[in-house]
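Colleague: So that you have it, the file is protein_32.pdb, and it contains PDB, N, CA and C atoms:
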```pdb
ATOM      1  N   ILE A 151      -5.232 -21.097   1.676
ATOM      2  CA  ILE A 151      -4.957 -21.093   3.106
ATOM      3  C   ILE A 151      -5.633 -19.882   3.753
ATOM      4  N   GLN A 152      -5.531 -18.702   3.110
ATOM      5  CA  GLN A 152      -6.127 -17.507   3.692
ATOM      6  C   GLN A 152      -7.644 -17.646   3.800
ATOM      7  N   SER A 153      -8.269 -18.210   2.787
ATOM      8  CA  SER A 153      -9.717 -18.411   2.808
ATOM      9  C   SER A 153     -10.120 -19.311   3.981
ATOM     10  N   HIS A 154      -9.338 -20.352   4.217
ATOM     11  CA  HIS A 154      -9.605 -21.248   5.346
ATOM     12  C   HIS A 154      -9.445 -20.503   6.671
ATOM     13  N   ALA A 155      -8.417 -19.679   6.780
ATOM     14  CA  ALA A 155      -8.179 -18.929   8.015
ATOM     15  C   ALA A 155      -9.323 -17.951   8.286
ATOM     16  N   ILE A 156      -9.837 -17.318   7.243
ATOM     17  CA  ILE A 156     -10.948 -16.377   7.411
ATOM     18  C   ILE A 156     -12.205 -17.131   7.845
ATOM     19  N   THR A 157     -12.475 -18.260   7.206
ATOM     20  CA  THR A 157     -13.640 -19.073   7.580
ATOM     21  C   THR A 157     -13.513 -19.555   9.018
ATOM     22  N   ARG A 158     -12.328 -19.978   9.411
ATOM     23  CA  ARG A 158     -12.099 -20.452  10.785
ATOM     24  C   ARG A 158     -12.294 -19.316  11.794
ATOM     25  N   THR A 159     -11.804 -18.134  11.455
ATOM     26  CA  THR A 159     -11.971 -16.972  12.332
ATOM     27  C   THR A 159     -13.451 -16.669  12.531
ATOM     28  N   GLU A 160     -14.205 -16.663  11.439
ATOM     29  CA  GLU A 160     -15.638 -16.385  11.535
ATOM     30  C   GLU A 160     -16.362 -17.475  12.316
ATOM     31  N   HIS A 161     -15.898 -18.697  12.213
ATOM     32  CA  HIS A 161     -16.503 -19.786  12.991
ATOM     33  C   HIS A 161     -16.216 -19.604  14.488
ATOM     34  N   MET A 162     -14.995 -19.189  14.807
ATOM     35  CA  MET A 162     -14.613 -19.023  16.218
ATOM     36  C   MET A 162     -15.316 -17.841  16.871
ATOM     37  N   PHE A 163     -15.372 -16.702  16.176
ATOM     38  CA  PHE A 163     -15.817 -15.461  16.811
ATOM     39  C   PHE A 163     -17.114 -14.877  16.259
ATOM     40  N   GLY A 164     -17.511 -15.275  15.045
ATOM     41  CA  GLY A 164     -18.749 -14.779  14.455
ATOM     42  C   GLY A 164     -18.557 -14.335  13.016
ATOM     43  N   GLY A 165     -19.569 -14.610  12.191
ATOM     44  CA  GLY A 165     -19.488 -14.252  10.784
ATOM     45  C   GLY A 165     -20.557 -13.281  10.338
ATOM     46  N   GLN A 166     -21.433 -12.899  11.258
ATOM     47  CA  GLN A 166     -22.542 -12.013  10.901
ATOM     48  C   GLN A 166     -22.061 -10.565  10.797
ATOM     49  N   ARG A 167     -22.442  -9.925   9.697
ATOM     50  CA  ARG A 167     -22.073  -8.515   9.497
ATOM     51  C   ARG A 167     -22.926  -7.614  10.384
ATOM     52  N   LEU A 168     -22.393  -6.444  10.654
ATOM     53  CA  LEU A 168     -23.132  -5.419  11.394
ATOM     54  C   LEU A 168     -24.073  -4.693  10.442
ATOM     55  N   PRO A 169     -25.067  -3.993  10.980
ATOM     56  CA  PRO A 169     -25.883  -3.134  10.118
ATOM     57  C   PRO A 169     -24.979  -2.145   9.376
ATOM     58  N   GLU A 170     -25.378  -1.798   8.171
ATOM     59  CA  GLU A 170     -24.558  -0.944   7.306
ATOM     60  C   GLU A 170     -24.177   0.377   7.967
ATOM     61  N   VAL A 171     -25.085   0.972   8.716
ATOM     62  CA  VAL A 171     -24.808   2.264   9.356
ATOM     63  C   VAL A 171     -23.645   2.146  10.347
ATOM     64  N   HIS A 172     -23.572   1.029  11.078
ATOM     65  CA  HIS A 172     -22.479   0.830  12.038
ATOM     66  C   HIS A 172     -21.167   0.519  11.316
ATOM     67  N   GLU A 173     -21.261  -0.285  10.274
ATOM     68  CA  GLU A 173     -20.050  -0.606   9.512
ATOM     69  C   GLU A 173     -19.468   0.657   8.877
ATOM     70  N   LEU A 174     -20.319   1.502   8.355
ATOM     71  CA  LEU A 174     -19.861   2.756   7.745
ATOM     72  C   LEU A 174     -19.149   3.633   8.772
ATOM     73  N   LYS A 175     -19.690   3.697   9.978
ATOM     74  CA  LYS A 175     -19.079   4.486  11.049
ATOM     75  C   LYS A 175     -17.661   3.989  11.346
ATOM     76  N   ILE A 176     -17.492   2.672  11.381
ATOM     77  CA  ILE A 176     -16.181   2.090  11.670
ATOM     78  C   ILE A 176     -15.223   2.352  10.513
ATOM     79  N   ARG A 177     -15.686   2.201   9.290
ATOM     80  CA  ARG A 177     -14.824   2.433   8.122
ATOM     81  C   ARG A 177     -14.401   3.902   8.021
ATOM     82  N   GLN A 178     -15.296   4.826   8.382
ATOM     83  CA  GLN A 178     -14.944   6.243   8.363
ATOM     84  C   GLN A 178     -13.868   6.543   9.407
ATOM     85  N   LEU A 179     -13.987   5.945  10.580
ATOM     86  CA  LEU A 179     -12.979   6.147  11.613
ATOM     87  C   LEU A 179     -11.644   5.532  11.175
ATOM     88  N   ALA A 180     -11.693   4.368  10.528
ATOM     89  CA  ALA A 180     -10.465   3.739  10.029
ATOM     90  C   ALA A 180      -9.769   4.659   9.028
ATOM     91  N   ALA A 181     -10.537   5.244   8.126
ATOM     92  CA  ALA A 181      -9.954   6.168   7.138
ATOM     93  C   ALA A 181      -9.347   7.376   7.835
ATOM     94  N   LYS A 182     -10.042   7.905   8.829
ATOM     95  CA  LYS A 182      -9.553   9.068   9.588
ATOM     96  C   LYS A 182      -8.223   8.749  10.284
ATOM     97  N   LEU A 183      -8.075   7.500  10.746
ATOM     98  CA  LEU A 183      -6.865   7.093  11.452
ATOM     99  C   LEU A 183      -5.771   6.587  10.503
ATOM    100  N   GLY A 184      -6.062   6.542   9.217
ATOM    101  CA  GLY A 184      -5.075   6.100   8.240
ATOM    102  C   GLY A 184      -4.863   4.599   8.192
ATOM    103  N   VAL A 185      -5.881   3.839   8.564
ATOM    104  CA  VAL A 185      -5.791   2.379   8.507
ATOM    105  C   VAL A 185      -6.051   1.950   7.067
ATOM    106  N   THR A 186      -5.093   1.273   6.460
ATOM    107  CA  THR A 186      -5.223   0.896   5.053
ATOM    108  C   THR A 186      -5.467  -0.597   4.849
ATOM    109  N   GLN A 187      -5.307  -1.398   5.886
ATOM    110  CA  GLN A 187      -5.518  -2.833   5.764
ATOM    111  C   GLN A 187      -6.994  -3.138   5.480
ATOM    112  N   LEU A 188      -7.244  -4.261   4.804
ATOM    113  CA  LEU A 188      -8.600  -4.734   4.604
ATOM    114  C   LEU A 188      -9.148  -5.205   5.943
ATOM    115  N   ILE A 189     -10.309  -4.699   6.321
ATOM    116  CA  ILE A 189     -10.901  -5.047   7.611
ATOM    117  C   ILE A 189     -12.270  -5.672   7.383
ATOM    118  N   HIS A 190     -12.464  -6.843   7.995
ATOM    119  CA  HIS A 190     -13.768  -7.494   8.031
ATOM    120  C   HIS A 190     -14.406  -7.087   9.353
ATOM    121  N   ILE A 191     -15.590  -6.525   9.299
ATOM    122  CA  ILE A 191     -16.267  -6.061  10.505
ATOM    123  C   ILE A 191     -17.418  -7.028  10.783
ATOM    124  N   ARG A 192     -17.402  -7.626  11.960
ATOM    125  CA  ARG A 192     -18.374  -8.660  12.280
ATOM    126  C   ARG A 192     -18.938  -8.470  13.694
ATOM    127  N   ARG A 193     -20.087  -9.094  13.904
ATOM    128  CA  ARG A 193     -20.724  -9.131  15.220
ATOM    129  C   ARG A 193     -20.212 -10.362  15.969
ATOM    130  N   MET A 194     -19.893 -10.193  17.244
ATOM    131  CA  MET A 194     -19.425 -11.316  18.053
ATOM    132  C   MET A 194     -20.515 -12.378  18.166
ATOM    133  N   ASN A 195     -20.111 -13.645  18.110
ATOM    134  CA  ASN A 195     -21.045 -14.734  18.362
ATOM    135  C   ASN A 195     -21.166 -14.951  19.873
ATOM    136  N   PRO A 196     -22.080 -15.826  20.324
ATOM    137  CA  PRO A 196     -22.263 -16.033  21.771
ATOM    138  C   PRO A 196     -20.992 -16.460  22.506
ATOM    139  N   THR A 197     -20.148 -17.256  21.886
ATOM    140  CA  THR A 197     -18.904 -17.688  22.539
ATOM    141  C   THR A 197     -17.989 -16.499  22.793
ATOM    142  N   ALA A 198     -17.823 -15.651  21.787
ATOM    143  CA  ALA A 198     -16.976 -14.461  21.950
ATOM    144  C   ALA A 198     -17.572 -13.513  22.987
ATOM    145  N   LEU A 199     -18.903 -13.381  22.984
ATOM    146  CA  LEU A 199     -19.552 -12.524  23.981
ATOM    147  C   LEU A 199     -19.270 -13.012  25.397
ATOM    148  N   GLN A 200     -19.321 -14.324  25.602
ATOM    149  CA  GLN A 200     -19.043 -14.877  26.932
ATOM    150  C   GLN A 200     -17.603 -14.607  27.355
ATOM    151  N   LEU A 201     -16.687 -14.706  26.418
ATOM    152  CA  LEU A 201     -15.270 -14.484  26.734
ATOM    153  C   LEU A 201     -14.940 -13.019  26.966
ATOM    154  N   LEU A 202     -15.543 -12.124  26.164
ATOM    155  CA  LEU A 202     -15.089 -10.739  26.125
ATOM    156  C   LEU A 202     -16.085  -9.715  26.656
ATOM    157  N   GLY A 203     -17.336 -10.100  26.836
ATOM    158  CA  GLY A 203     -18.297  -9.188  27.428
ATOM    159  C   GLY A 203     -19.244  -8.539  26.436
ATOM    160  N   TYR A 204     -20.322  -8.036  26.977
ATOM    161  CA  TYR A 204     -21.440  -7.496  26.206
ATOM    162  C   TYR A 204     -21.162  -6.112  25.638
ATOM    163  N   HIS A 205     -20.255  -5.356  26.232
ATOM    164  CA  HIS A 205     -19.922  -3.996  25.790
ATOM    165  C   HIS A 205     -18.454  -3.935  25.385
ATOM    166  N   ASN A 206     -18.115  -4.590  24.288
ATOM    167  CA  ASN A 206     -16.705  -4.678  23.960
ATOM    168  C   ASN A 206     -16.486  -4.746  22.451
ATOM    169  N   ALA A 207     -15.248  -4.563  22.064
ATOM    170  CA  ALA A 207     -14.800  -4.723  20.681
ATOM    171  C   ALA A 207     -13.390  -5.302  20.747
ATOM    172  N   PHE A 208     -13.007  -6.044  19.712
ATOM    173  CA  PHE A 208     -11.632  -6.519  19.666
ATOM    174  C   PHE A 208     -11.185  -6.694  18.221
ATOM    175  N   ALA A 209      -9.883  -6.612  18.023
ATOM    176  CA  ALA A 209      -9.276  -6.801  16.712
ATOM    177  C   ALA A 209      -8.618  -8.170  16.697
ATOM    178  N   TYR A 210      -8.613  -8.777  15.505
ATOM    179  CA  TYR A 210      -8.036 -10.116  15.368
ATOM    180  C   TYR A 210      -7.452 -10.252  13.963
ATOM    181  N   HIS A 211      -6.384 -11.024  13.861
ATOM    182  CA  HIS A 211      -5.781 -11.333  12.566
ATOM    183  C   HIS A 211      -5.722 -12.850  12.433
ATOM    184  N   PRO A 212      -6.214 -13.423  11.318
ATOM    185  CA  PRO A 212      -6.158 -14.880  11.149
ATOM    186  C   PRO A 212      -4.726 -15.416  11.188
ATOM    187  N   HIS A 213      -4.589 -16.574  11.833
ATOM    188  CA  HIS A 213      -3.303 -17.237  11.960
ATOM    189  C   HIS A 213      -3.434 -18.699  11.550
ATOM    190  N   LEU A 214      -2.397 -19.245  11.023
ATOM    191  CA  LEU A 214      -2.336 -20.665  10.710
ATOM    192  C   LEU A 214      -1.855 -21.385  11.959
ATOM    193  N   GLY A 215      -2.682 -22.277  12.456
ATOM    194  CA  GLY A 215      -2.318 -23.011  13.670
ATOM    195  C   GLY A 215      -2.129 -22.121  14.870
ATOM    196  N   ASN A 216      -2.789 -20.976  14.903
ATOM    197  CA  ASN A 216      -2.665 -19.992  15.985
ATOM    198  C   ASN A 216      -1.227 -19.518  16.189
ATOM    199  N   ILE A 217      -0.400 -19.643  15.133
ATOM    200  CA  ILE A 217       1.007 -19.248  15.251
ATOM    201  C   ILE A 217       1.416 -18.280  14.152
ATOM    202  N   LEU A 218       1.217 -18.667  12.903
ATOM    203  CA  LEU A 218       1.724 -17.932  11.756
ATOM    204  C   LEU A 218       0.652 -17.031  11.157
ATOM    205  N   PRO A 219       0.860 -15.695  11.139
ATOM    206  CA  PRO A 219      -0.144 -14.808  10.547
ATOM    207  C   PRO A 219      -0.310 -15.070   9.056
ATOM    208  N   ILE A 220      -1.546 -14.984   8.592
ATOM    209  CA  ILE A 220      -1.860 -15.257   7.197
ATOM    210  C   ILE A 220      -2.451 -14.015   6.551
ATOM    211  N   GLY A 221      -1.864 -13.554   5.465
ATOM    212  CA  GLY A 221      -2.397 -12.439   4.691
ATOM    213  C   GLY A 221      -2.388 -11.124   5.438
ATOM    214  N   ASN A 222      -3.111 -10.157   4.874
ATOM    215  CA  ASN A 222      -3.180  -8.823   5.469
ATOM    216  C   ASN A 222      -4.570  -8.476   5.975
ATOM    217  N   ASP A 223      -5.528  -9.377   5.832
ATOM    218  CA  ASP A 223      -6.888  -9.113   6.306
ATOM    219  C   ASP A 223      -6.921  -9.105   7.827
ATOM    220  N   ALA A 224      -7.696  -8.217   8.373
ATOM    221  CA  ALA A 224      -7.894  -8.158   9.818
ATOM    222  C   ALA A 224      -9.390  -8.142  10.101
ATOM    223  N   PHE A 225      -9.746  -8.431  11.322
ATOM    224  CA  PHE A 225     -11.134  -8.423  11.750
ATOM    225  C   PHE A 225     -11.307  -7.447  12.909
ATOM    226  N   VAL A 226     -12.449  -6.788  12.929
ATOM    227  CA  VAL A 226     -12.894  -6.049  14.106
ATOM    228  C   VAL A 226     -14.216  -6.682  14.499
ATOM    229  N   TYR A 227     -14.287  -7.150  15.729
ATOM    230  CA  TYR A 227     -15.508  -7.749  16.257
ATOM    231  C   TYR A 227     -16.152  -6.795  17.245
ATOM    232  N   ILE A 228     -17.459  -6.673  17.128
ATOM    233  CA  ILE A 228     -18.242  -5.766  17.967
ATOM    234  C   ILE A 228     -19.282  -6.580  18.724
ATOM    235  N   SER A 229     -19.477  -6.268  19.993
ATOM    236  CA  SER A 229     -20.442  -6.994  20.819
ATOM    237  C   SER A 229     -21.867  -6.514  20.580
ATOM    238  N   GLU A 230     -22.810  -7.263  21.114
ATOM    239  CA  GLU A 230     -24.240  -6.961  20.982
ATOM    240  C   GLU A 230     -24.597  -5.576  21.513
ATOM    241  N   GLY A 231     -24.131  -5.261  22.713
ATOM    242  CA  GLY A 231     -24.549  -4.031  23.367
ATOM    243  C   GLY A 231     -23.721  -2.809  23.026
ATOM    244  N   PHE A 232     -22.744  -2.968  22.172
ATOM    245  CA  PHE A 232     -21.804  -1.900  21.884
ATOM    246  C   PHE A 232     -22.500  -0.628  21.412
ATOM    247  N   PHE A 233     -23.279  -0.718  20.340
ATOM    248  CA  PHE A 233     -23.927   0.467  19.783
ATOM    249  C   PHE A 233     -25.197   0.843  20.538
ATOM    250  N   GLU A 234     -25.734  -0.089  21.295
ATOM    251  CA  GLU A 234     -26.962   0.182  22.038
ATOM    252  C   GLU A 234     -26.716   0.944  23.333
ATOM    253  N   ASP A 235     -25.640   0.586  24.029
ATOM    254  CA  ASP A 235     -25.469   1.076  25.395
ATOM    255  C   ASP A 235     -24.307   2.037  25.613
ATOM    256  N   LEU A 236     -23.356   2.074  24.699
ATOM    257  CA  LEU A 236     -22.211   2.965  24.889
ATOM    258  C   LEU A 236     -22.454   4.304  24.203
ATOM    259  N   SER A 237     -21.900   5.345  24.771
ATOM    260  CA  SER A 237     -22.030   6.674  24.172
ATOM    261  C   SER A 237     -21.215   6.734  22.882
ATOM    262  N   PRO A 238     -21.512   7.691  21.993
ATOM    263  CA  PRO A 238     -20.707   7.831  20.768
ATOM    264  C   PRO A 238     -19.215   8.032  21.064
ATOM    265  N   GLU A 239     -18.900   8.736  22.128
ATOM    266  CA  GLU A 239     -17.495   8.961  22.485
ATOM    267  C   GLU A 239     -16.832   7.655  22.924
ATOM    268  N   GLU A 240     -17.550   6.845  23.726
ATOM    269  CA  GLU A 240     -17.012   5.558  24.157
ATOM    270  C   GLU A 240     -16.818   4.626  22.958
ATOM    271  N   GLN A 241     -17.781   4.630  22.051
ATOM    272  CA  GLN A 241     -17.688   3.805  20.851
ATOM    273  C   GLN A 241     -16.460   4.189  20.034
ATOM    274  N   GLU A 242     -16.285   5.481  19.783
ATOM    275  CA  GLU A 242     -15.161   5.951  18.978
ATOM    276  C   GLU A 242     -13.830   5.614  19.645
ATOM    277  N   PHE A 243     -13.763   5.760  20.957
ATOM    278  CA  PHE A 243     -12.526   5.440  21.670
ATOM    279  C   PHE A 243     -12.185   3.963  21.533
ATOM    280  N   LEU A 244     -13.153   3.083  21.811
ATOM    281  CA  LEU A 244     -12.885   1.649  21.772
ATOM    282  C   LEU A 244     -12.585   1.155  20.354
ATOM    283  N   ILE A 245     -13.350   1.619  19.377
ATOM    284  CA  ILE A 245     -13.097   1.208  17.997
ATOM    285  C   ILE A 245     -11.749   1.759  17.532
ATOM    286  N   GLY A 246     -11.467   3.016  17.852
ATOM    287  CA  GLY A 246     -10.183   3.612  17.490
ATOM    288  C   GLY A 246      -9.021   2.833  18.082
ATOM    289  N   HIS A 247      -9.159   2.409  19.318
ATOM    290  CA  HIS A 247      -8.133   1.614  19.988
ATOM    291  C   HIS A 247      -7.859   0.328  19.202
ATOM    292  N   GLU A 248      -8.922  -0.356  18.802
ATOM    293  CA  GLU A 248      -8.765  -1.605  18.043
ATOM    294  C   GLU A 248      -8.181  -1.345  16.658
ATOM    295  N   LEU A 249      -8.596  -0.278  16.025
ATOM    296  CA  LEU A 249      -8.074   0.057  14.693
ATOM    297  C   LEU A 249      -6.581   0.379  14.736
ATOM    298  N   VAL A 250      -6.128   1.009  15.795
ATOM    299  CA  VAL A 250      -4.697   1.303  15.931
ATOM    300  C   VAL A 250      -3.910  -0.002  16.089
ATOM    301  N   HIS A 251      -4.478  -0.985  16.798
ATOM    302  CA  HIS A 251      -3.830  -2.303  16.879
ATOM    303  C   HIS A 251      -3.641  -2.884  15.472
ATOM    304  N   ILE A 252      -4.677  -2.757  14.631
ATOM    305  CA  ILE A 252      -4.593  -3.264  13.266
ATOM    306  C   ILE A 252      -3.560  -2.476  12.465
ATOM    307  N   LYS A 253      -3.631  -1.167  12.557
ATOM    308  CA  LYS A 253      -2.715  -0.308  11.786
ATOM    309  C   LYS A 253      -1.255  -0.652  12.071
ATOM    310  N   HIS A 254      -0.933  -0.870  13.323
ATOM    311  CA  HIS A 254       0.456  -1.135  13.722
ATOM    312  C   HIS A 254       0.772  -2.627  13.808
ATOM    313  N   GLU A 255      -0.137  -3.440  13.306
ATOM    314  CA  GLU A 255       0.027  -4.899  13.210
ATOM    315  C   GLU A 255       0.258  -5.592  14.553
ATOM    316  N   HIS A 256      -0.269  -5.028  15.623
ATOM    317  CA  HIS A 256      -0.159  -5.668  16.931
ATOM    318  C   HIS A 256      -0.882  -7.008  16.956
ATOM    319  N   VAL A 257      -2.010  -7.110  16.235
ATOM    320  CA  VAL A 257      -2.796  -8.354  16.259
ATOM    321  C   VAL A 257      -2.209  -9.397  15.319
ATOM    322  N   LYS A 258      -1.275  -9.003  14.487
ATOM    323  CA  LYS A 258      -0.646  -9.945  13.572
ATOM    324  C   LYS A 258       0.385 -10.797  14.296
ATOM    325  N   TYR A 259       1.049 -10.210  15.269
ATOM    326  CA  TYR A 259       2.106 -10.910  16.001
ATOM    327  C   TYR A 259       1.792 -10.877  17.486
ATOM    328  N   VAL A 260       1.022 -11.857  17.896
ATOM    329  CA  VAL A 260       0.573 -11.908  19.289
ATOM    330  C   VAL A 260       1.598 -12.573  20.155
TER     331      VAL A 260
END
```
Show me the file's structure as C-alpha cells.
Modeller:
Amino acid sequence: IQSHAITRTEHMFGGQRLPEVHELKIRQLAAKLGVTQLIHIRRMNPTALQLLGYHNAFAYHPHLGNILPIGNDAFVYISEGFFEDLSPEEQEFLIGHELVHIKHEHVKYV
C-alpha cells in the first residue's frame, strides 16, 4: 500500500529528483532542524507548478484515498525557479518552514 501511495504522489506532483547539490542542502537543513522522518525530495511537475507557483516549496505526506496517512515517508516538492531566483535566505526560510511541517506531522493529518 505504501509503495502505491508513493507512486501516486509522484504521479500527482512529480517524481524527478533535484540536482544532488540542492538535495544535499535540504538534507543538511533537515538535520539541523532535527527532522528524522524519511524525506523524498522532488521537483514539482507542471501541474503542481500551475497550482502552487514558480517560486515555491511544499511538504506532502501520502494518504490512502486522500484520507488515511500511510507510513512515515514525507515529500518536499521544490518548484523550477526556487533555486534560480530566490536568495539563499529565502530558500532556507521556505524549506525550513516545510521541514517543520514534516517534523511535527502537520502534513500527515490535513
Colleague: Just give me the gap between atom N of His254 of chain A and atom N of Gln166 of chain A in Å, one decimal is fine.
Modeller: 23.9 Å
Colleague: Adding 3 Å on each side of the box along x, y and z that holds all listed atoms of segment 241-258 of chain A, could you give its centre and edge lengths in Å to one decimal, as AutoDock Vina command-line options?
Modeller:
```
--center_x -8.5 --center_y -2.4 --center_z 16.9 --size_x 24.6 --size_y 22.7 --size_z 16.3
```
Colleague: Looking at A:Arg192, A:His154, A:His205, A:His211, which one is nearest to Glu170 of chain A, with distances taken over only C-alpha atoms?
Modeller: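 For Glu170 of chain A, the nearest of the given residues is A:Arg192.
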Colleague: Compare A:Ala207, A:Ile176, A:Gly165, A:Asn195 by their minimum atom-to-atom distance to Glu248 of chain A, counting only N, CA and C atoms, and give me the closest one.
Modeller: A:Ala207
Colleague: Go through A:Arg158, A:Gln152, A:Phe163, A:Lys258 and flag the residue nearest Ile217 of chain A, using only C-alpha atoms for the distances.
Modeller: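 For Ile217 of chain A, the nearest of the candidates is A:Lys258.
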Colleague: To test your reading of the structure, identify every residue in chain A that backbone DSSP assigns to alpha helix (DSSP H), and report it as number ranges by chain.
Modeller: A: 152-163, 170-183, 196-202, 232-235, 238-253
Colleague: May I have all residues of segment 181-244 of chain A that DSSP, computed from the backbone, assigns to strand (DSSP E), given as a list in words?
Modeller: Ile189, His190, Ile191, Arg192, Arg193, Ala207, Phe208, Ala209, Tyr210, His213, Leu214, Leu218, Pro219, Ala224, Phe225, Val226, Tyr227 and Ile228 of chain A
Colleague: Can you pull out every residue within 9 Å of Pro196 of chain A, counting only C-alpha atoms, but drop anything in the same chain fewer than 3 positions away, and send it as a short mmCIF file (atom, residue, chain, number, x, y, z; two decimals) with N, CA and C atoms, keeping the file's coordinate frame?
Modeller:
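This went into part_7.cif:
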```
data_model
loop_
_atom_site.label_atom_id
_atom_site.label_comp_id
_atom_site.auth_asym_id
_atom_site.auth_seq_id
_atom_site.Cartn_x
_atom_site.Cartn_y
_atom_site.Cartn_z
N PHE A 163 -15.37 -16.70 16.18
CA PHE A 163 -15.82 -15.46 16.81
C PHE A 163 -17.11 -14.88 16.26
N GLY A 164 -17.51 -15.28 15.04
CA GLY A 164 -18.75 -14.78 14.46
C GLY A 164 -18.56 -14.34 13.02
N LEU A 199 -18.90 -13.38 22.98
CA LEU A 199 -19.55 -12.52 23.98
C LEU A 199 -19.27 -13.01 25.40
N GLN A 200 -19.32 -14.32 25.60
CA GLN A 200 -19.04 -14.88 26.93
C GLN A 200 -17.60 -14.61 27.36
N LEU A 201 -16.69 -14.71 26.42
CA LEU A 201 -15.27 -14.48 26.73
C LEU A 201 -14.94 -13.02 26.97
#
```
Colleague: Using only C-alpha atoms, which residues sit within 12 Å of Lys175 of chain A once same-chain residues fewer than 6 positions away are excluded, as a PDB file with N, CA and C atoms, keeping the file's coordinate frame?
Modeller:
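Here's the written file out.pdb:
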```pdb
ATOM      1  N   LEU A 168     -22.393  -6.444  10.654  1.00  0.00           N
ATOM      2  CA  LEU A 168     -23.132  -5.419  11.394  1.00  0.00           C
ATOM      3  C   LEU A 168     -24.073  -4.693  10.442  1.00  0.00           C
ATOM      4  N   PRO A 169     -25.067  -3.993  10.980  1.00  0.00           N
ATOM      5  CA  PRO A 169     -25.883  -3.134  10.118  1.00  0.00           C
ATOM      6  C   PRO A 169     -24.979  -2.145   9.376  1.00  0.00           C
ATOM      7  N   ALA A 181     -10.537   5.244   8.126  1.00  0.00           N
ATOM      8  CA  ALA A 181      -9.954   6.168   7.138  1.00  0.00           C
ATOM      9  C   ALA A 181      -9.347   7.376   7.835  1.00  0.00           C
ATOM     10  N   LYS A 182     -10.042   7.905   8.829  1.00  0.00           N
ATOM     11  CA  LYS A 182      -9.553   9.068   9.588  1.00  0.00           C
ATOM     12  C   LYS A 182      -8.223   8.749  10.284  1.00  0.00           C
ATOM     13  N   ILE A 191     -15.590  -6.525   9.299  1.00  0.00           N
ATOM     14  CA  ILE A 191     -16.267  -6.061  10.505  1.00  0.00           C
ATOM     15  C   ILE A 191     -17.418  -7.028  10.783  1.00  0.00           C
ATOM     16  N   PHE A 233     -23.279  -0.718  20.340  1.00  0.00           N
ATOM     17  CA  PHE A 233     -23.927   0.467  19.783  1.00  0.00           C
ATOM     18  C   PHE A 233     -25.197   0.843  20.538  1.00  0.00           C
ATOM     19  N   PRO A 238     -21.512   7.691  21.993  1.00  0.00           N
ATOM     20  CA  PRO A 238     -20.707   7.831  20.768  1.00  0.00           C
ATOM     21  C   PRO A 238     -19.215   8.032  21.064  1.00  0.00           C
ATOM     22  N   GLN A 241     -17.781   4.630  22.051  1.00  0.00           N
ATOM     23  CA  GLN A 241     -17.688   3.805  20.851  1.00  0.00           C
ATOM     24  C   GLN A 241     -16.460   4.189  20.034  1.00  0.00           C
ATOM     25  N   GLU A 242     -16.285   5.481  19.783  1.00  0.00           N
ATOM     26  CA  GLU A 242     -15.161   5.951  18.978  1.00  0.00           C
ATOM     27  C   GLU A 242     -13.830   5.614  19.645  1.00  0.00           C
ATOM     28  N   ILE A 245     -13.350   1.619  19.377  1.00  0.00           N
ATOM     29  CA  ILE A 245     -13.097   1.208  17.997  1.00  0.00           C
ATOM     30  C   ILE A 245     -11.749   1.759  17.532  1.00  0.00           C
ATOM     31  N   GLY A 246     -11.467   3.016  17.852  1.00  0.00           N
ATOM     32  CA  GLY A 246     -10.183   3.612  17.490  1.00  0.00           C
ATOM     33  C   GLY A 246      -9.021   2.833  18.082  1.00  0.00           C
TER      34      GLY A 246
END
```
Colleague: Measure the distance from atom CA of Lys253 of chain A to atom C of Thr186 of chain A in Å and round it to one decimal.
Modeller: 7.5 Å
Colleague: Skipping near chain neighbours, those fewer than 3 positions away, what residues fall within 7 Å of Pro212 of chain A using only N, CA and C atoms, listed as number ranges by chain?
Modeller: A: 155-156, 159, 216, 218-221, 223-225, 257-258
Colleague: Take atom CA of Gly203 of chain A and atom CA of Leu236 of chain A and report the distance between them in Å, one decimal.
Modeller: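 One can read the atom CA of Gly203 of chain A to atom CA of Leu236 of chain A distance as 13.0 Å.
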Colleague: Taking into account only C-alpha atoms, which residue in the set A:Leu183, A:Thr157, A:Gln178, A:Tyr227 is nearest to Tyr210 of chain A?
Modeller: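 Distance minimum relative to Tyr210 of chain A lands on A:Tyr227.
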Colleague: If we count all atoms listed in the file and set the cut-off at 7 Å, which residues sit around Leu249 of chain A, ignoring sequence neighbours fewer than 5 positions away in its own chain? Please answer as a compact mmCIF listing (two decimals) with N, CA and C atoms, in the frame of the given file.
Modeller:
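Output file part.txt follows:
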```txt
# COMPACT_ATOMS: atom_id res chain seq x y z
N ALA A 180 -11.69 4.37 10.53
CA ALA A 180 -10.46 3.74 10.03
C ALA A 180 -9.77 4.66 9.03
N VAL A 185 -5.88 3.84 8.56
CA VAL A 185 -5.79 2.38 8.51
C VAL A 185 -6.05 1.95 7.07
N ALA A 209 -9.88 -6.61 18.02
CA ALA A 209 -9.28 -6.80 16.71
C ALA A 209 -8.62 -8.17 16.70
N LEU A 244 -13.15 3.08 21.81
CA LEU A 244 -12.88 1.65 21.77
C LEU A 244 -12.58 1.16 20.35
N HIS A 254 -0.93 -0.87 13.32
CA HIS A 254 0.46 -1.14 13.72
C HIS A 254 0.77 -2.63 13.81
```
Colleague: When you count only C-alpha atoms, which of these residues is closest to Ala198 of chain A: A:Glu255, A:Glu173, A:Glu160, A:Glu234?
Modeller: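 Closest to Ala198 of chain A of all the choices is A:Glu160.
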Colleague: Assuming the chain letters and numbering stay as they are in my file, what does the PyMOL selection byres ((chain A and resi 230) around 6.5) actually select? List them as a list in words.
Modeller: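 Selected by the PyMOL selection byres ((chain A and resi 230) around 6.5) in this file: Met194, Tyr204, His205, Asn206, Ile228, Ser229, Gly231, Phe232, Phe233 and Glu234 of chain A.
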